[in-house]
Amino acid sequence: PDTETEARAFLQKNPQSDGRGLVVAIMDTGVDPGAPGLQVTSDGKPKVLDIQDCTGSGDVDTATIRTATDGEISGLTGRTLTLNPDWSNPSGEWRVGLKRVFQLYSSRLVNRLKKERRESWEEKHRGLASAAASELAAFVQANPKPVVGENKKKFEELEAREALLAGMLKDYEDSGPVLDVVAWQDADQIWRVAVSDQDGSVHGAIVLTDFAAEQQWGTFGDADRMNYGINIFDNGDLVSIVCDAGSHGTHVAGITAAHHPSSPELNGVAPGAQLISLKIGDSRLGSTETGTGLIRAFQHCVRMGVQLVNLSFGEAAAPTCTGRVIEMITECVAKHGIIFVTSAGNSGPGLGSVGAPGSGSSRYVTVGAHVSPAAMSAQYAVLDPLEATPYTWTSRGPTQDGSLGVTLCAPGSAITSVPNWTLSGNQLMNGTSMAAPNACGCVALVLSHAKAAGMQWTPARVHRALVNTALALKGPGAELTAVGAGMIQVEKCSDYLAEYASLPYADVHFEVSLPGKFWGSPDVMHGIYLREPMQVAQASTFLVNVKPSFPGESDDPRWNDNKVGLEIHLALSSSAPWVRVPEFLEMANDGRGFNVQVDPTGLAEGQVHLAHVLGFDSRNPGAGPVFRVPVTVAMSATPTQCPTRQTPPKVMHSLKLSAGNIERLFVCAPEGATWCELTVRCLPFSGATRLFFVHMLQNITHSTFSKTSEDPVWRFDTAGEKKQKMWVQSGSTLEVAVSQFWSSLGDTEMECEIEFYGIRPETSEVSLSDSNQIKCVHLNVTEAPVAIKPTGSFHTLRRAVRPSSATITPCGDRDVYTRDRRVYQLVLEYDFEMKAAAQVKPHAPILVDKLYESVFESQLLMIYDSHKRLKQVNDAWPEAIKLDKGKFKARLQLRSTDVQLIEKMQALTLAIDSTLEKEIAVEAHATFNSCIEGGATFGTRSVRAGSVVPVYFTVPLNKGLFDDAEKGDTLLGKVAYCGAEPATSAGKTDRSSSGGYLVYFRFETEPFDQVKKDKKALADKEKEEEQKADPRSDAEKLADCLRDAKLVHLKGLRKLATRDAHAGLVREMLEQSPQHLPTLVEAIEAQEELKPEDEALEAKEARLRGVCELVNKLIAAIDMDALAAHGGRRVDQSDVAAKMQGNKMDEKKDSLVKALKSMCAALAELRDTESLVKSSKMLEQWVDLSDAKHSEVLSAVEQAAGNHALALKALDKAIKEEKQPKKVWFETRVELLEQLGWEQWAQHEQLQCNLNNVGRYAPF
């Protein structure tokens, strides 16, 4: 849409002012440079000048250097990469890295590809499964009794093949292709990068360099159709693969500046403008923006000299105008001349629903969404277009600091370009995300015309022109809080800039501020916002300060003459009679303050009233206001109270709605109220189904609107009734906004009823612990009779983990900002173990729900398994993930230019929240004694208003509470006091509305276990008896203690760096005690563990023979007959000497089993089948090889016998049992799959095996 903004008329008069000469930065999910309309500008220049992934989601660590042999190098994936001989690389150094494709793509593309790849995979797999089934069927037919005699093993092998294939397909998870990345410097010292195809070949890959240098891009395959670019950082140590995280960014770019030479009707608003794509939506987080992405993006704009930015992203944030990201954006606008256009959000229709960063400063151009009759017809195929209106869902101001929130509005829908991977040329999208780029394109037209005319501009100059020329709107829903100054007008804005170019304050931003402490807010206010009953009970006078702010750095001398000469004679006025202001104000550069009196006492109850204090230049009144001070007053209605409090306080209201209309009702929640219930009755109507957006919202200081609101969408096919409950803060005003959706036609009558209820506990949290097992909570029933029914349950176990390391380092090239400010990162590492598979949510609680308002530049949490495989990435809004049994490492990054700030966080604990498989009930009783006695629970009791009711909560501390709890753990859950209360998210970390009551149980001591205690007492007694019965002399005991101490030290030397010292000490100890079994076991295990990565074949064989030799020495040191005799008899537990001897025999058996398993593993690698079978039979005398702890040996035996499926089955059993499976097991698994002829599975497993061996963490 371009008629309502005057863009079409402007271009008809000024066809050369179509954005030419302007570079617009699109901060979004990324822009596809190959998408339709994004190749060239209207004057033939490249449309997309640069693409950057500012989030780091496309980063590849290429610090590993390879040198070529016969034109080949080894990639980090383990593949052998054949280099193209035409690639020039004088240094001979090839940097290699890898990247999983699916980590780059949006979930939408990943889901499409997984479906397509699954179909192809299953087609190949069906051939294998069919062959296995046929072979088994043929064998059974030929051998009617296959489970007896010599055919039994063959039958088991064939049966295992069929079962394995079925199981593998069931468990198959497509993690996507893995790319090899190769970087090098050519003869011109230009960094070049080649990315392999999805089969791992780089020979024919397109060679790319920094996108800005050549504007070249590649494509990841015909199926994917994902276009990508490259950037290189940190002297080649880091390659950034840049591709979009969703279609949103390309669509936004198309609205702003698409150019279709053969189809000009598809053009964006400013087809002559060039674009820079700055990806701030992180692919790892489902395209959520990050602080790192935003701040890097703005700094890149500063470096590139960008003057116009669009950001169609945002989140609910509180308080407004605070946080590192907001500081950086404001700095870029105020000091570096960047005009910042951003979306208001799609969280309306309630007031105060504008998100950050749009709510961050009056310096920004924050855009609401509007729909015109023309758009209704062309885009939505509406039969009878209605009057123009804001979209029902467009976010509204004012913000908590009193700012209007929305600067202006623009068309909020468009059909335009989307990325090629969507397999579509264009798409209809709507939202303030579409309104902002439309407005941004309009600004580009204005600036293009100004640049052609040789005019200069600043953000303040342009902002004032936009606001003072916007078209004031009327019609349904066209409130100032939704549309701001009105619809952007290109021609009028351009004329304004020319007409008032010489104003002495044209480039000055006037910052309006009020001391926030007047009403108890700790923040500075930027407007007057009176909403609560005490604020509107009488007239109030406010001191308003207005401070001129010139562009550039504060120490920039260029503006000093202007500052000295600034003198404005202001005429003040008010748009409403209930707001009084002085008539005149003289202002110089140091600013001035003046009093504003607001008298709301005569305003209509239950409604919102908006006024403006306007400051005009008395010498140039036609230029419009120099500054505006918004004044918003919400006059709340008082609920009707029953004198005897036998019914709840209520407000009733009749509504008459039509398409696009909004009815707002403001009600003060009575003192003592804790929740309310809204009932809306839709009366009989004619015509189509009715759709309503309902928004219930309280404005609570420093709480985001998402936490203090409910926003159901209701559909009525016929007359009927719907209800919504919401937690409320008593004494605070509740807004109930009911809006008939803009395209829902017809008049509608409704009846609205709001009832308030109150059960006020003396505490919002019920705290229990093993030292405080009972908690009494007194309930005050305040508003009306209620049926009290206290219940509770725990749903989460929280385990706090302290960091195992904390490292502060400077960040790389991208993170050096203006004035040589460098960003530093604190990386905290946390080790934790999952004893069983479970749904968990790792997070740092004090960082949750903070992005724009955070004091840190950003946070990022990455979870890895024991193979350093990335399992999950989280940020301010952590998501749960299912982790299997095993060990994991969490790595948390905090970034800031303030080193002292992140130094304070070096001991930050991480919370691991595990979802309980079954919730644990919290009991509620009427008396203390009932808790002790385990009597009847509280049940349900009807209670009159004014009553105080005690409730006793407890959890019986028996073994069934939670078996896996440890000291320091906390159980989290929720309690409810009445079945009629709203639902609650207490104890959970998400973006949903808050409210309800938390219950927690802290394990302050080790959980009591009588069985464990009895076992320890018995063990201590036995140890004491053994010490008395020990026949060794003191000298012998001392010698043994010294040897044991050496053994402990020996284990500490079991590292590659101290391999020689380890070997020397082993020799020394075996010379002294050649038959000491623990030393022999240590020597055997060290032979396996301390092998070099690049071990030669001959050295490997010698090492394995050495293992066998050591095992034979160990066997020779054991009296096998005595050991066998011990295994065949029971030990008299009352005979201390016999028990001691039995324990020694058990230790010998354990040493023998370990040694024999090591020998079997060595013989399997040596391919010595005969010796392997012999050793396994010896081992089988002592253990059951089918046991998972020993099935690796069974696997080796079966493999040697040619039973590859049975070998694979046994190996899988061992892998599943082990917390940290051996690397060689996975290599053997690949070998077995190849021997079975299952090539696709072998290739898949080989790649996973290679990735497990990469041994490094992904970049943040």
# chains A, B, ... in the order shown; residues from 1 in each chain; ligands from 1
>>> residues_around(residues="segment 19-23 of chain A", least_positions_apart="4", cutoff="9 Å", atoms="only C-alpha atoms", output="PyMOL selection string")
chain A and resi 41-43+49+257+269-276+305-309+441-449+451-452
>>> residues_around(residues="Gln641 of chain A", least_positions_apart="3", cutoff="10 Å", atoms="only C-alpha atoms", output="MDAnalysis selection string")
chainID A and resid 638 644:651 670 756 783:784
>>> atom_distance(atom1="atom CA of His1076 of chain A", atom2="atom CA of Asp1040 of chain A")
10.4 Å
>>> select_by_dssp(residues="segment 269-371 of chain A", states="helix (DSSP H, G or I)", output="mmCIF file with N, CA and C atoms, in the first residue's frame")
data_model
loop_
_atom_site.group_PDB
_atom_site.id
_atom_site.type_symbol
_atom_site.label_atom_id
_atom_site.label_comp_id
_atom_site.auth_asym_id
_atom_site.auth_seq_id
_atom_site.Cartn_x
_atom_site.Cartn_y
_atom_site.Cartn_z
ATOM 1 N N SER A 283 19.306 -18.101 14.582
ATOM 2 C CA SER A 283 18.752 -19.365 14.085
ATOM 3 C C SER A 283 18.687 -20.417 15.176
ATOM 4 N N ARG A 284 19.618 -20.367 16.132
ATOM 5 C CA ARG A 284 19.657 -21.366 17.198
ATOM 6 C C ARG A 284 18.522 -21.181 18.188
ATOM 7 N N LEU A 285 17.887 -19.995 18.156
ATOM 8 C CA LEU A 285 16.839 -19.670 19.116
ATOM 9 C C LEU A 285 15.486 -19.489 18.428
ATOM 10 N N GLY A 291 20.846 -9.746 22.315
ATOM 11 C CA GLY A 291 21.576 -8.503 22.570
ATOM 12 C C GLY A 291 22.828 -8.418 21.729
ATOM 13 N N THR A 292 23.531 -9.539 21.592
ATOM 14 C CA THR A 292 24.735 -9.555 20.756
ATOM 15 C C THR A 292 24.393 -9.146 19.335
ATOM 16 N N GLY A 293 23.332 -9.740 18.790
ATOM 17 C CA GLY A 293 22.931 -9.425 17.428
ATOM 18 C C GLY A 293 22.576 -7.962 17.259
ATOM 19 N N LEU A 294 21.811 -7.415 18.184
ATOM 20 C CA LEU A 294 21.365 -6.025 18.076
ATOM 21 C C LEU A 294 22.525 -5.045 18.183
ATOM 22 N N ILE A 295 23.380 -5.239 19.176
ATOM 23 C CA ILE A 295 24.453 -4.262 19.380
ATOM 24 C C ILE A 295 25.492 -4.361 18.275
ATOM 25 N N ARG A 296 25.831 -5.570 17.844
ATOM 26 C CA ARG A 296 26.744 -5.687 16.700
ATOM 27 C C ARG A 296 26.148 -5.017 15.461
ATOM 28 N N ALA A 297 24.845 -5.186 15.273
ATOM 29 C CA ALA A 297 24.188 -4.612 14.097
ATOM 30 C C ALA A 297 24.285 -3.097 14.105
ATOM 31 N N PHE A 298 24.011 -2.483 15.228
ATOM 32 C CA PHE A 298 24.079 -1.017 15.285
ATOM 33 C C PHE A 298 25.513 -0.526 15.127
ATOM 34 N N GLN A 299 26.463 -1.239 15.695
ATOM 35 C CA GLN A 299 27.851 -0.831 15.517
ATOM 36 C C GLN A 299 28.286 -0.992 14.068
ATOM 37 N N HIS A 300 27.771 -2.000 13.384
ATOM 38 C CA HIS A 300 28.088 -2.157 11.959
ATOM 39 C C HIS A 300 27.508 -0.994 11.167
ATOM 40 N N CYS A 301 26.324 -0.545 11.547
ATOM 41 C CA CYS A 301 25.732 0.622 10.889
ATOM 42 C C CYS A 301 26.614 1.853 11.062
ATOM 43 N N VAL A 302 27.154 2.032 12.268
ATOM 44 C CA VAL A 302 28.042 3.167 12.523
ATOM 45 C C VAL A 302 29.280 3.069 11.633
ATOM 46 N N ARG A 303 29.872 1.868 11.564
ATOM 47 C CA ARG A 303 31.075 1.693 10.745
ATOM 48 C C ARG A 303 30.790 1.938 9.274
ATOM 49 N N MET A 304 29.603 1.536 8.806
ATOM 50 C CA MET A 304 29.258 1.644 7.385
ATOM 51 C C MET A 304 28.639 2.991 7.030
ATOM 52 N N ARG A 324 21.245 -2.121 28.417
ATOM 53 C CA ARG A 324 22.407 -1.890 27.561
ATOM 54 C C ARG A 324 22.020 -1.752 26.102
ATOM 55 N N VAL A 325 21.081 -2.566 25.624
ATOM 56 C CA VAL A 325 20.691 -2.485 24.219
ATOM 57 C C VAL A 325 20.033 -1.140 23.927
ATOM 58 N N ILE A 326 19.143 -0.705 24.805
ATOM 59 C CA ILE A 326 18.481 0.591 24.612
ATOM 60 C C ILE A 326 19.516 1.718 24.632
ATOM 61 N N GLU A 327 20.475 1.635 25.530
ATOM 62 C CA GLU A 327 21.538 2.650 25.581
ATOM 63 C C GLU A 327 22.281 2.731 24.254
ATOM 64 N N MET A 328 22.611 1.577 23.685
ATOM 65 C CA MET A 328 23.366 1.547 22.442
ATOM 66 C C MET A 328 22.548 2.088 21.277
ATOM 67 N N ILE A 329 21.262 1.726 21.210
ATOM 68 C CA ILE A 329 20.419 2.238 20.126
ATOM 69 C C ILE A 329 20.307 3.762 20.223
ATOM 70 N N THR A 330 20.058 4.244 21.433
ATOM 71 C CA THR A 330 19.911 5.692 21.629
ATOM 72 C C THR A 330 21.208 6.409 21.295
ATOM 73 N N GLU A 331 22.325 5.815 21.647
ATOM 74 C CA GLU A 331 23.625 6.414 21.321
ATOM 75 C C GLU A 331 23.800 6.521 19.809
ATOM 76 N N CYS A 332 23.407 5.485 19.082
ATOM 77 C CA CYS A 332 23.556 5.511 17.630
ATOM 78 C C CYS A 332 22.665 6.570 16.987
ATOM 79 N N VAL A 333 21.489 6.774 17.547
ATOM 80 C CA VAL A 333 20.603 7.828 17.035
ATOM 81 C C VAL A 333 21.141 9.200 17.395
ATOM 82 N N ALA A 334 21.482 9.391 18.674
ATOM 83 C CA ALA A 334 21.859 10.715 19.168
ATOM 84 C C ALA A 334 23.243 11.148 18.708
ATOM 85 N N LYS A 335 24.190 10.200 18.643
ATOM 86 C CA LYS A 335 25.580 10.573 18.363
ATOM 87 C C LYS A 335 26.035 10.277 16.943
ATOM 88 N N HIS A 336 25.363 9.345 16.272
ATOM 89 C CA HIS A 336 25.848 8.934 14.955
ATOM 90 C C HIS A 336 24.834 9.155 13.845
#
>>> select_by_dssp(residues="segment 222-462 of chain A", states="strand (DSSP E or B)", output="PyMOL selection string")
chain A and resi 227-233+238-242+274-279+281-282+288-289+308-311+315+339-343+356+365-371+389-390+408-411+413-417+426-430
>>> atom_distance(atom1="atom CA of Asp1030 of chain A", atom2="atom CA of Val1136 of chain A")
9.5 Å
>>> residues_around(residues="Val1183 of chain A", least_positions_apart="6", cutoff="12 Å", atoms="only C-alpha atoms", output="list in words")
Gly1127, Lys1149, Asp1150, Leu1152, Val1153, Lys1154, Leu1156, Lys1157, Ser1176, Lys1177, Lys1189, His1190, Ser1191, Val1193 and Leu1194 of chain A
>>> write_last_selection(atoms="C-alpha atoms", output="CSV table (one decimal), in the first residue's frame")
chain,number,residue,atom,x,y,z
A,1127,GLY,CA,33.3,-68.5,44.1
A,1149,LYS,CA,38.1,-61.4,40.7
A,1150,ASP,CA,37.4,-57.8,39.8
A,1152,LEU,CA,40.9,-60.5,36.7
A,1153,VAL,CA,37.6,-59.5,34.9
A,1154,LYS,CA,38.9,-56.1,34.1
A,1156,LEU,CA,40.4,-60.2,30.7
A,1157,LYS,CA,38.1,-57.6,29.2
A,1176,SER,CA,36.4,-64.8,26.2
A,1177,LYS,CA,35.8,-68.4,27.3
A,1189,LYS,CA,28.6,-54.4,31.6
A,1190,HIS,CA,30.4,-57.1,29.6
A,1191,SER,CA,28.5,-57.2,26.3
A,1193,VAL,CA,33.3,-58.7,24.8
A,1194,LEU,CA,30.4,-60.7,23.5
>>> residues_around(residues="Ala836 of chain A", least_positions_apart="3", cutoff="12 Å", atoms="only C-alpha atoms", output="list in words")
Glu833, Gln839, Val840, Lys882, Leu883, Asp884, Lys885, Gly886, Lys887, Ser914, Leu916, Glu917, Asp964, Lys1216, Glu1217 and Lys1219 of chain A
>>> write_last_selection(atoms="all heavy atoms", output="CSV table (one decimal), in the first residue's frame")
chain,number,residue,atom,x,y,z
A,833,GLU,N,25.2,-33.9,35.9
A,833,GLU,CA,25.0,-35.3,35.4
A,833,GLU,C,23.5,-35.6,35.5
A,833,GLU,O,22.8,-35.3,36.4
A,833,GLU,CB,25.8,-36.3,36.3
A,833,GLU,CG,25.7,-37.7,35.9
A,833,GLU,CD,26.6,-38.7,36.7
A,833,GLU,OE1,27.4,-38.2,37.4
A,833,GLU,OE2,26.4,-39.9,36.5
A,839,GLN,N,13.2,-34.4,31.3
A,839,GLN,CA,13.0,-33.1,30.7
A,839,GLN,C,13.6,-32.0,31.7
A,839,GLN,O,13.2,-32.0,32.8
A,839,GLN,CB,11.5,-32.8,30.5
A,839,GLN,CG,11.2,-31.7,29.6
A,839,GLN,CD,11.1,-32.1,28.2
A,839,GLN,OE1,11.3,-33.2,27.9
A,839,GLN,NE2,10.9,-31.1,27.3
A,840,VAL,N,14.6,-31.2,31.2
A,840,VAL,CA,15.2,-30.3,32.1
A,840,VAL,C,15.3,-28.9,31.4
A,840,VAL,O,15.2,-28.8,30.2
A,840,VAL,CB,16.7,-30.7,32.4
A,840,VAL,CG1,16.6,-32.0,33.2
A,840,VAL,CG2,17.5,-30.8,31.2
A,882,LYS,N,14.8,-32.5,26.5
A,882,LYS,CA,15.0,-33.8,27.1
A,882,LYS,C,16.4,-34.3,26.9
A,882,LYS,O,16.9,-34.4,25.8
A,882,LYS,CB,14.0,-34.8,26.5
A,882,LYS,CG,14.1,-36.2,27.1
A,882,LYS,CD,13.0,-37.2,26.6
A,882,LYS,CE,13.1,-38.5,27.4
A,882,LYS,NZ,12.1,-39.4,26.9
A,883,LEU,N,17.1,-34.5,28.1
A,883,LEU,CA,18.5,-35.0,28.1
A,883,LEU,C,18.5,-36.5,28.5
A,883,LEU,O,17.8,-36.9,29.4
A,883,LEU,CB,19.4,-34.2,29.0
A,883,LEU,CG,19.6,-32.7,28.6
A,883,LEU,CD1,20.4,-32.0,29.6
A,883,LEU,CD2,20.2,-32.6,27.2
A,884,ASP,N,19.3,-37.3,27.9
A,884,ASP,CA,19.5,-38.7,28.2
A,884,ASP,C,20.4,-38.8,29.4
A,884,ASP,O,21.0,-37.8,29.9
A,884,ASP,CB,20.1,-39.5,27.1
A,884,ASP,CG,19.1,-39.5,25.9
A,884,ASP,OD1,17.9,-39.5,26.1
A,884,ASP,OD2,19.6,-39.6,24.7
A,885,LYS,N,20.5,-40.0,30.0
A,885,LYS,CA,21.4,-40.3,31.1
A,885,LYS,C,22.8,-40.0,30.6
A,885,LYS,O,23.2,-40.3,29.5
A,885,LYS,CB,21.2,-41.8,31.4
A,885,LYS,CG,22.1,-42.3,32.5
A,885,LYS,CD,21.9,-43.8,32.7
A,885,LYS,CE,22.9,-44.3,33.7
A,885,LYS,NZ,22.7,-45.8,33.9
A,886,GLY,N,23.6,-39.4,31.5
A,886,GLY,CA,25.0,-39.1,31.2
A,886,GLY,C,25.5,-37.8,31.8
A,886,GLY,O,24.8,-37.1,32.5
A,887,LYS,N,26.7,-37.4,31.4
A,887,LYS,CA,27.3,-36.2,31.9
A,887,LYS,C,27.2,-35.1,30.8
A,887,LYS,O,27.3,-35.4,29.6
A,887,LYS,CB,28.8,-36.5,32.2
A,887,LYS,CG,29.0,-37.4,33.4
A,887,LYS,CD,30.4,-37.6,33.7
A,887,LYS,CE,30.6,-38.5,34.9
A,887,LYS,NZ,32.0,-38.7,35.3
A,914,SER,N,14.4,-29.8,36.6
A,914,SER,CA,13.9,-31.1,36.0
A,914,SER,C,12.4,-31.2,36.3
A,914,SER,O,11.9,-31.1,37.4
A,914,SER,CB,14.6,-32.3,36.7
A,914,SER,OG,16.0,-32.2,36.5
A,916,LEU,N,9.3,-33.2,37.1
A,916,LEU,CA,9.0,-34.5,37.7
A,916,LEU,C,8.0,-35.3,36.8
A,916,LEU,O,7.1,-34.8,36.2
A,916,LEU,CB,8.3,-34.3,39.1
A,916,LEU,CG,9.1,-33.4,40.1
A,916,LEU,CD1,8.4,-33.3,41.4
A,916,LEU,CD2,10.5,-34.0,40.3
A,917,GLU,N,8.3,-36.6,36.8
A,917,GLU,CA,7.4,-37.5,36.0
A,917,GLU,C,6.0,-37.5,36.6
A,917,GLU,O,5.0,-37.5,35.8
A,917,GLU,CB,8.0,-38.9,36.0
A,917,GLU,CG,9.3,-39.0,35.1
A,917,GLU,CD,9.7,-40.5,35.0
A,917,GLU,OE1,8.9,-41.4,35.4
A,917,GLU,OE2,10.8,-40.8,34.5
A,964,ASP,N,15.7,-39.1,44.7
A,964,ASP,CA,16.9,-38.6,44.1
A,964,ASP,C,17.4,-37.3,44.6
A,964,ASP,O,18.3,-36.7,44.1
A,964,ASP,CB,16.8,-38.5,42.6
A,964,ASP,CG,16.6,-39.9,41.9
A,964,ASP,OD1,17.1,-40.9,42.5
A,964,ASP,OD2,15.9,-40.0,40.9
A,1216,LYS,N,24.5,-48.3,25.4
A,1216,LYS,CA,23.3,-47.8,26.2
A,1216,LYS,C,23.6,-47.7,27.7
A,1216,LYS,O,23.1,-46.8,28.4
A,1216,LYS,CB,22.1,-48.6,25.8
A,1216,LYS,CG,20.8,-48.0,26.4
A,1216,LYS,CD,19.6,-48.8,25.9
A,1216,LYS,CE,18.3,-48.2,26.5
A,1216,LYS,NZ,17.1,-49.0,26.0
A,1217,GLU,N,24.3,-48.7,28.2
A,1217,GLU,CA,24.5,-48.9,29.6
A,1217,GLU,C,25.6,-47.9,30.1
A,1217,GLU,O,25.5,-47.3,31.2
A,1217,GLU,CB,25.0,-50.3,29.9
A,1217,GLU,CG,25.4,-50.5,31.4
A,1217,GLU,CD,24.3,-50.5,32.3
A,1217,GLU,OE1,23.1,-50.6,31.9
A,1217,GLU,OE2,24.5,-50.3,33.5
A,1219,LYS,N,27.9,-44.6,30.8
A,1219,LYS,CA,27.7,-43.1,30.8
A,1219,LYS,C,28.5,-42.5,29.7
A,1219,LYS,O,28.0,-41.5,29.1
A,1219,LYS,CB,28.0,-42.6,32.2
A,1219,LYS,CG,27.1,-43.0,33.3
A,1219,LYS,CD,27.5,-42.4,34.6
A,1219,LYS,CE,26.6,-42.8,35.7
A,1219,LYS,NZ,27.1,-42.3,37.1
>>> atom_distance(atom1="atom CA of Val371 of chain A", atom2="atom CA of Ser417 of chain A")
19.9 Å
>>> residues_around(residues="Met1145 of chain A", least_positions_apart="3", cutoff="8 Å", atoms="only C-alpha atoms", output="MDAnalysis selection string")
chainID A and resid 1123 1126 1141:1142 1148:1149
